[in-house]
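Q: My structure file structure27.pdb, PDB, C-alpha atoms, is below:
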ATOM      1  CA  MET A  10       0.000   0.000   0.000
ATOM      2  CA  SER A  11       2.854   2.397   0.840
ATOM      3  CA  PHE A  12       4.365   1.802  -2.611
ATOM      4  CA  PHE A  13       1.044   2.688  -4.247
ATOM      5  CA  LEU A  14       0.739   5.872  -2.181
ATOM      6  CA  GLU A  15       4.321   6.902  -2.920
ATOM      7  CA  THR A  16       3.750   6.355  -6.648
ATOM      8  CA  LEU A  17       0.476   8.288  -6.509
ATOM      9  CA  ILE A  18       2.000  11.219  -4.603
ATOM     10  CA  SER A  19       5.014  11.298  -6.904
ATOM     11  CA  GLY A  20       2.668  11.416  -9.883
ATOM     12  CA  LEU A  21       0.572  14.181  -8.327
ATOM     13  CA  LEU A  22       3.654  16.289  -7.647
ATOM     14  CA  ALA A  23       4.897  15.744 -11.206
ATOM     15  CA  GLY A  24       1.446  16.757 -12.406
ATOM     16  CA  VAL A  25       1.808  20.089 -10.628
ATOM     17  CA  MET A  26       4.927  20.725 -12.740
ATOM     18  CA  TYR A  27       2.835  20.039 -15.868
ATOM     19  CA  SER A  28       0.268  22.508 -14.533
ATOM     20  CA  LEU A  29       2.910  25.216 -14.261
ATOM     21  CA  VAL A  30       3.462  24.972 -18.006
ATOM     22  CA  ALA A  31      -0.257  24.774 -18.791
ATOM     23  CA  ILE A  32      -1.079  27.919 -16.799
ATOM     24  CA  GLY A  33       0.907  30.013 -19.265
ATOM     25  CA  PHE A  34      -1.272  28.758 -22.106
ATOM     26  CA  VAL A  35      -4.433  29.442 -20.106
ATOM     27  CA  LEU A  36      -3.510  33.089 -19.509
ATOM     28  CA  ILE A  37      -3.105  33.865 -23.208
ATOM     29  CA  TYR A  38      -6.213  31.880 -24.140
ATOM     30  CA  LYS A  39      -8.308  33.769 -21.577
ATOM     31  CA  ALA A  40      -7.262  37.089 -23.097
ATOM     32  CA  SER A  41      -7.493  36.273 -26.798
ATOM     33  CA  GLY A  42      -9.120  32.872 -27.296
ATOM     34  CA  VAL A  43      -5.926  31.737 -29.045
ATOM     35  CA  PHE A  44      -3.648  28.813 -28.287
ATOM     36  CA  ASN A  45      -0.204  30.400 -27.805
ATOM     37  CA  PHE A  46       2.204  28.126 -29.661
ATOM     38  CA  ALA A  47       5.090  30.353 -28.530
ATOM     39  CA  GLN A  48       4.706  29.489 -24.836
ATOM     40  CA  GLY A  49       7.365  26.777 -25.048
ATOM     41  CA  ALA A  50       9.810  29.182 -26.689
ATOM     42  CA  MET A  51       9.082  31.748 -23.969
ATOM     43  CA  LEU A  52       9.814  29.110 -21.329
ATOM     44  CA  LEU A  53      13.111  28.283 -23.030
ATOM     45  CA  PHE A  54      14.129  31.927 -23.496
ATOM     46  CA  ALA A  55      13.347  32.819 -19.874
ATOM     47  CA  SER A  56      15.296  29.907 -18.395
ATOM     48  CA  LEU A  57      18.237  30.465 -20.779
ATOM     49  CA  THR A  58      18.357  34.156 -19.882
ATOM     50  CA  PHE A  59      18.376  33.383 -16.171
ATOM     51  CA  VAL A  60      21.037  30.670 -16.288
ATOM     52  CA  THR A  61      23.251  32.773 -18.583
ATOM     53  CA  LEU A  62      23.136  35.678 -16.135
ATOM     54  CA  VAL A  63      23.953  33.368 -13.218
ATOM     55  CA  GLU A  64      26.894  31.891 -15.142
ATOM     56  CA  HIS A  65      28.230  35.450 -15.523
ATOM     57  CA  ASP A  66      28.464  35.715 -11.715
ATOM     58  CA  ILE A  67      25.256  37.677 -11.221
ATOM     59  CA  SER A  68      23.497  36.823  -7.968
ATOM     60  CA  PHE A  69      20.406  34.592  -8.010
ATOM     61  CA  TRP A  70      17.909  37.290  -7.034
ATOM     62  CA  LEU A  71      19.389  39.965  -9.289
ATOM     63  CA  ALA A  72      19.360  37.498 -12.214
ATOM     64  CA  LEU A  73      15.747  36.613 -11.405
ATOM     65  CA  ALA A  74      14.693  40.273 -11.323
ATOM     66  CA  ALA A  75      16.554  41.005 -14.560
ATOM     67  CA  THR A  76      14.913  38.042 -16.299
ATOM     68  CA  VAL A  77      11.466  39.191 -15.173
ATOM     69  CA  LEU A  78      12.181  42.607 -16.696
ATOM     70  CA  VAL A  79      13.352  40.952 -19.920
ATOM     71  CA  MET A  80      10.125  38.944 -20.159
ATOM     72  CA  ILE A  81       8.010  42.054 -19.520
ATOM     73  CA  PHE A  82       9.941  43.960 -22.181
ATOM     74  CA  GLY A  83       9.441  41.038 -24.553
ATOM     75  CA  ALA A  84       5.702  41.098 -23.868
ATOM     76  CA  VAL A  85       5.545  44.800 -24.751
ATOM     77  CA  LEU A  86       7.412  44.141 -28.016
ATOM     78  CA  ILE A  87       5.141  41.206 -28.896
ATOM     79  CA  GLU A  88       2.030  43.309 -28.320
ATOM     80  CA  ARG A  89       3.369  46.224 -30.342
ATOM     81  CA  LEU A  90       4.931  44.361 -33.265
ATOM     82  CA  VAL A  91       2.817  41.194 -33.556
ATOM     83  CA  LEU A  92      -0.536  41.474 -31.809
ATOM     84  CA  ARG A  93      -1.549  45.094 -32.425
ATOM     85  CA  PRO A  94      -1.399  44.817 -36.238
ATOM     86  CA  LEU A  95      -3.600  41.715 -35.981
ATOM     87  CA  VAL A  96      -6.238  43.089 -33.610
ATOM     88  CA  ASN A  97      -9.766  41.788 -34.337
ATOM     89  CA  ARG A  98      -8.400  39.184 -36.739
ATOM     90  CA  ASP A  99      -9.691  35.610 -36.566
ATOM     91  CA  ALA A 100      -8.228  33.075 -34.127
ATOM     92  CA  LEU A 101      -6.451  31.100 -36.864
ATOM     93  CA  THR A 102      -4.487  34.173 -37.939
ATOM     94  CA  LEU A 103      -3.400  34.847 -34.365
ATOM     95  CA  PHE A 104      -2.459  31.202 -33.885
ATOM     96  CA  MET A 105      -0.260  31.284 -36.992
ATOM     97  CA  ALA A 106       1.327  34.466 -35.656
ATOM     98  CA  THR A 107       2.260  32.710 -32.393
ATOM     99  CA  LEU A 108       3.604  29.779 -34.415
ATOM    100  CA  GLY A 109       5.954  32.080 -36.298
ATOM    101  CA  LEU A 110       6.767  33.916 -33.084
ATOM    102  CA  SER A 111       7.958  30.671 -31.476
ATOM    103  CA  PHE A 112      10.613  30.200 -34.170
ATOM    104  CA  VAL A 113      11.702  33.830 -33.861
ATOM    105  CA  ILE A 114      12.124  33.529 -30.077
ATOM    106  CA  GLU A 115      14.033  30.234 -30.327
ATOM    107  CA  GLY A 116      16.281  31.670 -33.038
ATOM    108  CA  LEU A 117      16.925  34.780 -30.949
ATOM    109  CA  ALA A 118      17.762  32.615 -27.933
ATOM    110  CA  GLN A 119      20.295  30.619 -29.939
ATOM    111  CA  LEU A 120      21.796  33.778 -31.440
ATOM    112  CA  LEU A 121      22.234  35.521 -28.086
ATOM    113  CA  MET A 122      22.969  32.608 -25.744
ATOM    114  CA  GLY A 123      24.118  29.694 -27.900
ATOM    115  CA  SER A 124      22.822  26.142 -27.973
ATOM    116  CA  ASP A 125      24.879  24.526 -25.194
ATOM    117  CA  VAL A 126      23.256  22.592 -22.362
ATOM    118  CA  HIS A 127      23.366  24.490 -19.070
ATOM    119  CA  MET A 128      23.059  22.906 -15.653
ATOM    120  CA  LEU A 129      20.848  24.823 -13.255
ATOM    121  CA  ASP A 130      21.105  24.515  -9.484
ATOM    122  CA  LEU A 131      18.327  26.152  -7.478
ATOM    123  CA  GLY A 132      19.891  25.039  -4.206
ATOM    124  CA  ILE A 133      17.179  22.445  -3.569
ATOM    125  CA  ASP A 134      18.374  18.871  -3.534
ATOM    126  CA  ASP A 135      16.236  16.193  -5.162
ATOM    127  CA  ILE A 136      16.359  13.934  -2.130
ATOM    128  CA  PRO A 137      13.587  11.886  -0.519
ATOM    129  CA  LEU A 138      11.980  13.102   2.675
ATOM    130  CA  ALA A 139      10.216  10.762   5.089
ATOM    131  CA  ILE A 140       6.717  12.147   5.685
ATOM    132  CA  GLY A 141       4.139   9.995   7.433
ATOM    133  CA  GLY A 142       6.081   6.855   6.606
ATOM    134  CA  LEU A 143       6.214   7.787   2.904
ATOM    135  CA  SER A 144       9.227   8.888   0.864
ATOM    136  CA  ILE A 145       8.536  12.140  -0.999
ATOM    137  CA  SER A 146      10.919  14.168  -3.137
ATOM    138  CA  GLN A 147      12.001  17.454  -1.573
ATOM    139  CA  PHE A 148      12.344  19.060  -5.003
ATOM    140  CA  ASP A 149       8.825  17.990  -6.010
ATOM    141  CA  LEU A 150       7.475  19.561  -2.825
ATOM    142  CA  PHE A 151       9.231  22.813  -3.714
ATOM    143  CA  ALA A 152       7.794  22.749  -7.251
ATOM    144  CA  SER A 153       4.306  22.109  -5.893
ATOM    145  CA  GLY A 154       4.624  24.977  -3.426
ATOM    146  CA  SER A 155       5.701  27.301  -6.252
ATOM    147  CA  ALA A 156       2.712  26.268  -8.361
ATOM    148  CA  LEU A 157       0.329  26.748  -5.436
ATOM    149  CA  ALA A 158       1.678  30.246  -4.803
ATOM    150  CA  ILE A 159       1.221  31.160  -8.479
ATOM    151  CA  VAL A 160      -2.343  29.815  -8.522
ATOM    152  CA  VAL A 161      -3.263  31.842  -5.417
ATOM    153  CA  LEU A 162      -1.754  35.022  -6.865
ATOM    154  CA  LEU A 163      -3.459  34.543 -10.231
ATOM    155  CA  SER A 164      -6.786  33.781  -8.570
ATOM    156  CA  ILE A 165      -6.559  37.058  -6.647
ATOM    157  CA  LEU A 166      -5.485  38.887  -9.806
ATOM    158  CA  PHE A 167      -8.410  37.569 -11.871
ATOM    159  CA  ASP A 168     -11.148  37.565  -9.262
ATOM    160  CA  ARG A 169     -10.413  40.551  -7.021
ATOM    161  CA  THR A 170      -8.921  43.235  -9.266
ATOM    162  CA  ARG A 171     -10.211  45.585 -11.928
ATOM    163  CA  MET A 172      -7.680  44.161 -14.366
ATOM    164  CA  GLY A 173      -9.120  40.695 -13.838
ATOM    165  CA  ILE A 174     -12.624  41.957 -14.606
ATOM    166  CA  SER A 175     -11.308  43.624 -17.767
ATOM    167  CA  LEU A 176      -9.577  40.417 -18.764
ATOM    168  CA  ARG A 177     -12.774  38.408 -18.417
ATOM    169  CA  ALA A 178     -14.651  41.024 -20.461
ATOM    170  CA  VAL A 179     -12.072  40.798 -23.250
ATOM    171  CA  ALA A 180     -12.270  37.003 -23.175
ATOM    172  CA  ASP A 181     -16.083  37.067 -23.434
ATOM    173  CA  ASP A 182     -16.353  39.642 -26.238
ATOM    174  CA  THR A 183     -13.362  41.624 -27.485
ATOM    175  CA  LEU A 184     -15.336  44.172 -29.509
ATOM    176  CA  ALA A 185     -17.826  44.803 -26.699
ATOM    177  CA  ALA A 186     -14.979  45.230 -24.200
ATOM    178  CA  GLN A 187     -13.313  47.794 -26.461
ATOM    179  CA  SER A 188     -16.603  49.656 -26.909
ATOM    180  CA  ILE A 189     -16.833  50.333 -23.160
ATOM    181  CA  GLY A 190     -13.302  51.712 -22.973
ATOM    182  CA  ILE A 191     -11.192  48.674 -22.121
ATOM    183  CA  ARG A 192      -7.828  49.110 -23.808
ATOM    184  CA  LEU A 193      -6.986  45.823 -25.490
ATOM    185  CA  PRO A 194      -3.261  46.598 -25.993
ATOM    186  CA  VAL A 195      -2.813  47.190 -22.259
ATOM    187  CA  ILE A 196      -4.608  43.949 -21.395
ATOM    188  CA  TRP A 197      -2.464  42.011 -23.847
ATOM    189  CA  ARG A 198       0.755  43.496 -22.462
ATOM    190  CA  ILE A 199      -0.196  42.568 -18.922
ATOM    191  CA  VAL A 200      -1.319  39.055 -19.805
ATOM    192  CA  TRP A 201       1.742  38.282 -21.937
ATOM    193  CA  SER A 202       3.966  39.673 -19.174
ATOM    194  CA  VAL A 203       2.338  37.430 -16.571
ATOM    195  CA  ALA A 204       2.545  34.464 -18.963
ATOM    196  CA  GLY A 205       6.244  35.222 -19.430
ATOM    197  CA  ILE A 206       6.827  35.257 -15.667
ATOM    198  CA  VAL A 207       4.945  31.963 -15.305
ATOM    199  CA  ALA A 208       7.096  30.588 -18.141
ATOM    200  CA  LEU A 209      10.181  31.668 -16.178
ATOM    201  CA  VAL A 210       9.073  29.796 -13.049
ATOM    202  CA  ALA A 211       8.193  26.688 -15.072
ATOM    203  CA  GLY A 212      11.479  26.928 -16.969
ATOM    204  CA  LEU A 213      13.499  27.122 -13.748
ATOM    205  CA  VAL A 214      11.719  24.116 -12.259
ATOM    206  CA  TRP A 215      12.057  21.974 -15.373
ATOM    207  CA  GLY A 216      15.562  23.280 -16.116
ATOM    208  CA  ALA A 217      16.747  22.282 -12.662
ATOM    209  CA  ARG A 218      15.312  18.809 -13.245
ATOM    210  CA  GLN A 219      16.640  18.069 -16.758
ATOM    211  CA  GLY A 220      19.028  20.891 -17.652
ATOM    212  CA  VAL A 221      18.411  24.091 -19.605
ATOM    213  CA  GLN A 222      18.560  23.075 -23.260
ATOM    214  CA  PHE A 223      16.567  23.599 -26.437
ATOM    215  CA  SER A 224      14.577  20.401 -25.913
ATOM    216  CA  LEU A 225      13.135  22.133 -22.842
ATOM    217  CA  SER A 226      10.592  23.845 -25.097
ATOM    218  CA  LEU A 227       9.127  20.414 -25.881
ATOM    219  CA  VAL A 228       7.938  20.159 -22.285
ATOM    220  CA  THR A 229       4.951  22.169 -23.462
ATOM    221  CA  LEU A 230       3.708  19.062 -25.262
ATOM    222  CA  LYS A 231       2.845  17.695 -21.817
ATOM    223  CA  ALA A 232       0.608  20.699 -21.307
ATOM    224  CA  LEU A 233      -1.717  19.708 -24.150
ATOM    225  CA  PRO A 234      -3.417  16.806 -22.316
ATOM    226  CA  VAL A 235      -3.596  18.985 -19.200
ATOM    227  CA  LEU A 236      -5.388  21.745 -21.114
ATOM    228  CA  ILE A 237      -7.771  19.345 -22.844
ATOM    229  CA  ILE A 238      -8.726  17.727 -19.541
ATOM    230  CA  GLY A 239      -8.918  20.863 -17.386
ATOM    231  CA  GLY A 240     -10.193  23.325 -19.967
ATOM    232  CA  PHE A 241      -8.283  25.926 -21.955
ATOM    233  CA  SER A 242      -9.648  28.925 -20.052
ATOM    234  CA  SER A 243      -9.386  27.819 -16.421
ATOM    235  CA  VAL A 244      -6.392  28.193 -14.080
ATOM    236  CA  PRO A 245      -7.929  25.768 -11.535
ATOM    237  CA  GLY A 246      -8.622  23.459 -14.482
ATOM    238  CA  ALA A 247      -4.922  23.505 -15.357
ATOM    239  CA  ILE A 248      -4.089  22.402 -11.819
ATOM    240  CA  VAL A 249      -6.728  19.655 -11.721
ATOM    241  CA  GLY A 250      -5.793  18.488 -15.225
ATOM    242  CA  GLY A 251      -2.133  18.373 -14.274
ATOM    243  CA  LEU A 252      -2.869  16.339 -11.148
ATOM    244  CA  LEU A 253      -4.954  13.846 -13.141
ATOM    245  CA  VAL A 254      -2.314  13.514 -15.858
ATOM    246  CA  GLY A 255       0.546  13.146 -13.394
ATOM    247  CA  ALA A 256      -1.217  10.614 -11.182
ATOM    248  CA  THR A 257      -2.616   8.404 -13.955
ATOM    249  CA  GLU A 258       0.666   8.551 -15.870
ATOM    250  CA  ALA A 259       2.702   7.411 -12.854
ATOM    251  CA  LEU A 260       0.283   4.627 -11.910
ATOM    252  CA  ALA A 261      -0.058   3.436 -15.515
ATOM    253  CA  ASP A 262       3.720   3.250 -15.877
ATOM    254  CA  ILE A 263       3.946   0.979 -12.844
ATOM    255  CA  TYR A 264       0.899  -1.227 -13.326
ATOM    256  CA  ILE A 265       0.296  -1.196 -17.102
ATOM    257  CA  GLY A 266       3.883  -0.797 -18.309
ATOM    258  CA  PRO A 267       4.925  -4.350 -17.416
ATOM    259  CA  LEU A 268       1.924  -5.733 -19.304
ATOM    260  CA  VAL A 269       3.004  -4.047 -22.548
ATOM    261  CA  GLN A 270       6.696  -4.560 -21.788
ATOM    262  CA  GLY A 271       7.593  -0.901 -21.924
ATOM    263  CA  SER A 272       7.011   2.559 -20.528
ATOM    264  CA  VAL A 273       3.579   4.063 -21.129
ATOM    265  CA  SER A 274       4.295   7.471 -19.588
ATOM    266  CA  THR A 275       5.202   8.973 -22.983
ATOM    267  CA  TRP A 276       1.752   8.388 -24.479
ATOM    268  CA  PHE A 277      -0.759   7.478 -21.763
ATOM    269  CA  ALA A 278      -1.693  11.125 -21.069
ATOM    270  CA  TYR A 279      -2.710  11.583 -24.700
ATOM    271  CA  ILE A 280      -4.977   8.535 -24.549
ATOM    272  CA  LEU A 281      -6.608  10.078 -21.488
ATOM    273  CA  ALA A 282      -6.985  13.390 -23.318
ATOM    274  CA  VAL A 283      -8.671  11.706 -26.298
ATOM    275  CA  ALA A 284     -11.119  10.055 -23.911
ATOM    276  CA  PHE A 285     -12.010  13.477 -22.489
ATOM    277  CA  LEU A 286     -12.451  14.895 -25.982
ATOM    278  CA  LEU A 287     -15.036  12.195 -26.662
ATOM    279  CA  ILE A 288     -16.831  12.560 -23.338
ATOM    280  CA  ARG A 289     -16.423  16.244 -22.448
ATOM    281  CA  PRO A 290     -14.780  18.267 -25.239
ATOM    282  CA  ALA A 291     -14.693  21.495 -23.215
ATOM    283  CA  GLY A 292     -12.777  19.893 -20.354
ATOM    284  CA  LEU A 293     -13.697  19.700 -16.693
ATOM    285  CA  PHE A 294     -13.743  23.477 -16.162
ATOM    286  CA  GLY A 295     -14.403  24.623 -19.710
ATOM    287  CA  ASP A 296     -17.459  26.289 -21.173
ATOM    288  CA  ARG A 297     -20.092  23.630 -21.816
ATOM    289  CA  ALA A 298     -21.378  25.727 -24.714
ATOM    290  CA  ILE A 299     -18.422  24.418 -26.703
ATOM    291  CA  GLU A 300     -19.830  20.906 -26.433
ATOM    292  CA  ARG A 301     -23.076  22.000 -28.114
ATOM    293  CA  VAL A 302     -21.385  23.442 -31.190
TER     294      VAL A 302
END
Show the structure stored in the file as structure tokens.
A:
Amino acid sequence: MSFFLETLISGLLAGVMYSLVAIGFVLIYKASGVFNFAQGAMLLFASLTFVTLVEHDISFWLALAATVLVMIFGAVLIERLVLRPLVNRDALTLFMATLGLSFVIEGLAQLLMGSDVHMLDLGIDDIPLAIGGLSISQFDLFASGSALAIVVLLSILFDRTRMGISLRAVADDTLAAQSIGIRLPVIWRIVWSVAGIVALVAGLVWGARQGVQFSLSLVTLKALPVLIIGGFSSVPGAIVGGLLVGATEALADIYIGPLVQGSVSTWFAYILAVAFLLIRPAGLFGDRAIERV
């Protein structure tokens, strides 16, 4: 029983790390109704910027603050050069713009910081801790705490502030929101800035686990099942979806893997996502109106 619980908890904690990536997608989708294909490139660029600064003997906190400023500046540039010319265009056009943007960001990262693999040490050892008779990774606990803090902050931002109300208005009807004086460019700058900061946190967590390298951008592929299950427009949905993906993936690898004589963790989440598409296309926290289309 203890082995089952340890596997389940390990999967849940890994799922929180998936949720960190998925939250960045949710933020952009809430503001524009567009799947941001560039989120993975933003994650890579943020983590590469941070680790490069640290390798040049800049202190951890100063490097973190500088990287946050870089991501905010990048968000302003994206809004001005990419999004503003495409305002009120259809979702497919915006999606193609983010697709092209992802290649631009990755190319810029390689040009400025090279393509070497960088090791990242956050000062948190990946060692097991004995809690209630169970062995739980200290690093996974840290990652989960970081995700929880981000979810709380975003919940306050969206539910208790004027900016959050404006964001929901833009998500519901962009033209109507603009007609009552909500400035779409400002909303987009804020949302892309927050998504960039979330990408930085996710990049640091994943970079510390597997190194900061260009394949890090592929971690966003794990966010797709999370978004499908939780719903593209819900931050709590991203957390719940991540927990479900992480837990089922870990348990399936242990109990189903031996039956098929191989690991199932690389594809099991996508099978689960397809099942949700058939049963509840909008996801657990998505708009049920989507299912009636």
Q: Could you name the residues that touch Glu88 (chain A) at 12 Å or less, counting all atoms listed in the file, but leaving out those on the same chain fewer than 2 positions away, as an MDAnalysis selection string?
A: chainID A and resid 37 41 81:86 90:96 103 106:107 110 193:202
Q: Any idea what's packed within 9 Å of Thr76 (chain A), counting all atoms listed in the file, ignoring anything in its chain fewer than 4 positions away? Could you give it as number ranges by chain?
A: A: 55-56, 58-59, 62, 71-72, 80-81, 206, 209
Q: For the file shown, report as a list in words the outcome of the PyMOL selection byres ((chain A and resi 251) around 7) at residue level.
A: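 Applying the expression gives Gly24, Val25, Tyr27, Ser28, Val235, Ala247, Ile248, Val249, Gly250, Leu252, Leu253, Val254 and Gly255 of chain A.
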Q: Given all atoms listed in the file as the basis, pick out the residue of A:Ala158, A:Ile87, A:Leu36, A:Met128 nearest to Val113 (chain A).
A: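 Under the stated criterion, the closest residue is A:Ile87.
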Q: Adding 6 Å on each side of the box along x, y and z that holds all listed atoms of region 222-225 of chain A, could you give its centre and edge lengths in Å to one decimal, as lines of an AutoDock Vina configuration file?
A:
center_x = 15.8
center_y = 22.0
center_z = -24.6
size_x = 17.4
size_y = 15.2
size_z = 15.6
Q: Which residues, named as in the file, does the PyMOL selection byres ((chain A and resi 130-139) around 12) pick out? Answer as a ChimeraX atom specification.
A: /A:11,15,19,56,59-60,63-64,68-70,73,127-129,140-152,210,212-221
Q: So what does the PyMOL selection byres ((chain A and resi 283-295) around 12) actually pick up in this one, as an MDAnalysis selection string?
A: chainID A and resid 35 38:39 233:251 253:254 276:282 296:302
Q: Interatomic distance between CA of Ser164 (chain A) and CA of Asn45 (chain A)?
A: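 Value for the CA of Ser164 (chain A)-CA of Asn45 (chain A) distance: 20.6 Å.
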Q: Which residue, A:Gln48, A:Gln187, A:Asn97, A:Ser175, has the smallest gap to Leu227 (chain A) when you use all atoms listed in the file?
A: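 For Leu227 (chain A), the nearest of the candidates is A:Gln48.
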Q: Looking at A:Val43, A:Ala178, A:Leu120, A:Ala256, which one is nearest to Ala100 (chain A), with distances taken over all atoms listed in the file?
A: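 Using all atoms listed in the file, Ala100 (chain A) sits closest to A:Val43.
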Q: Please compute the CA of Phe112 (chain A)-CA of His65 (chain A) distance, one decimal, in Å.
A: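 CA of Phe112 (chain A) sits 26.2 Å away from CA of His65 (chain A).
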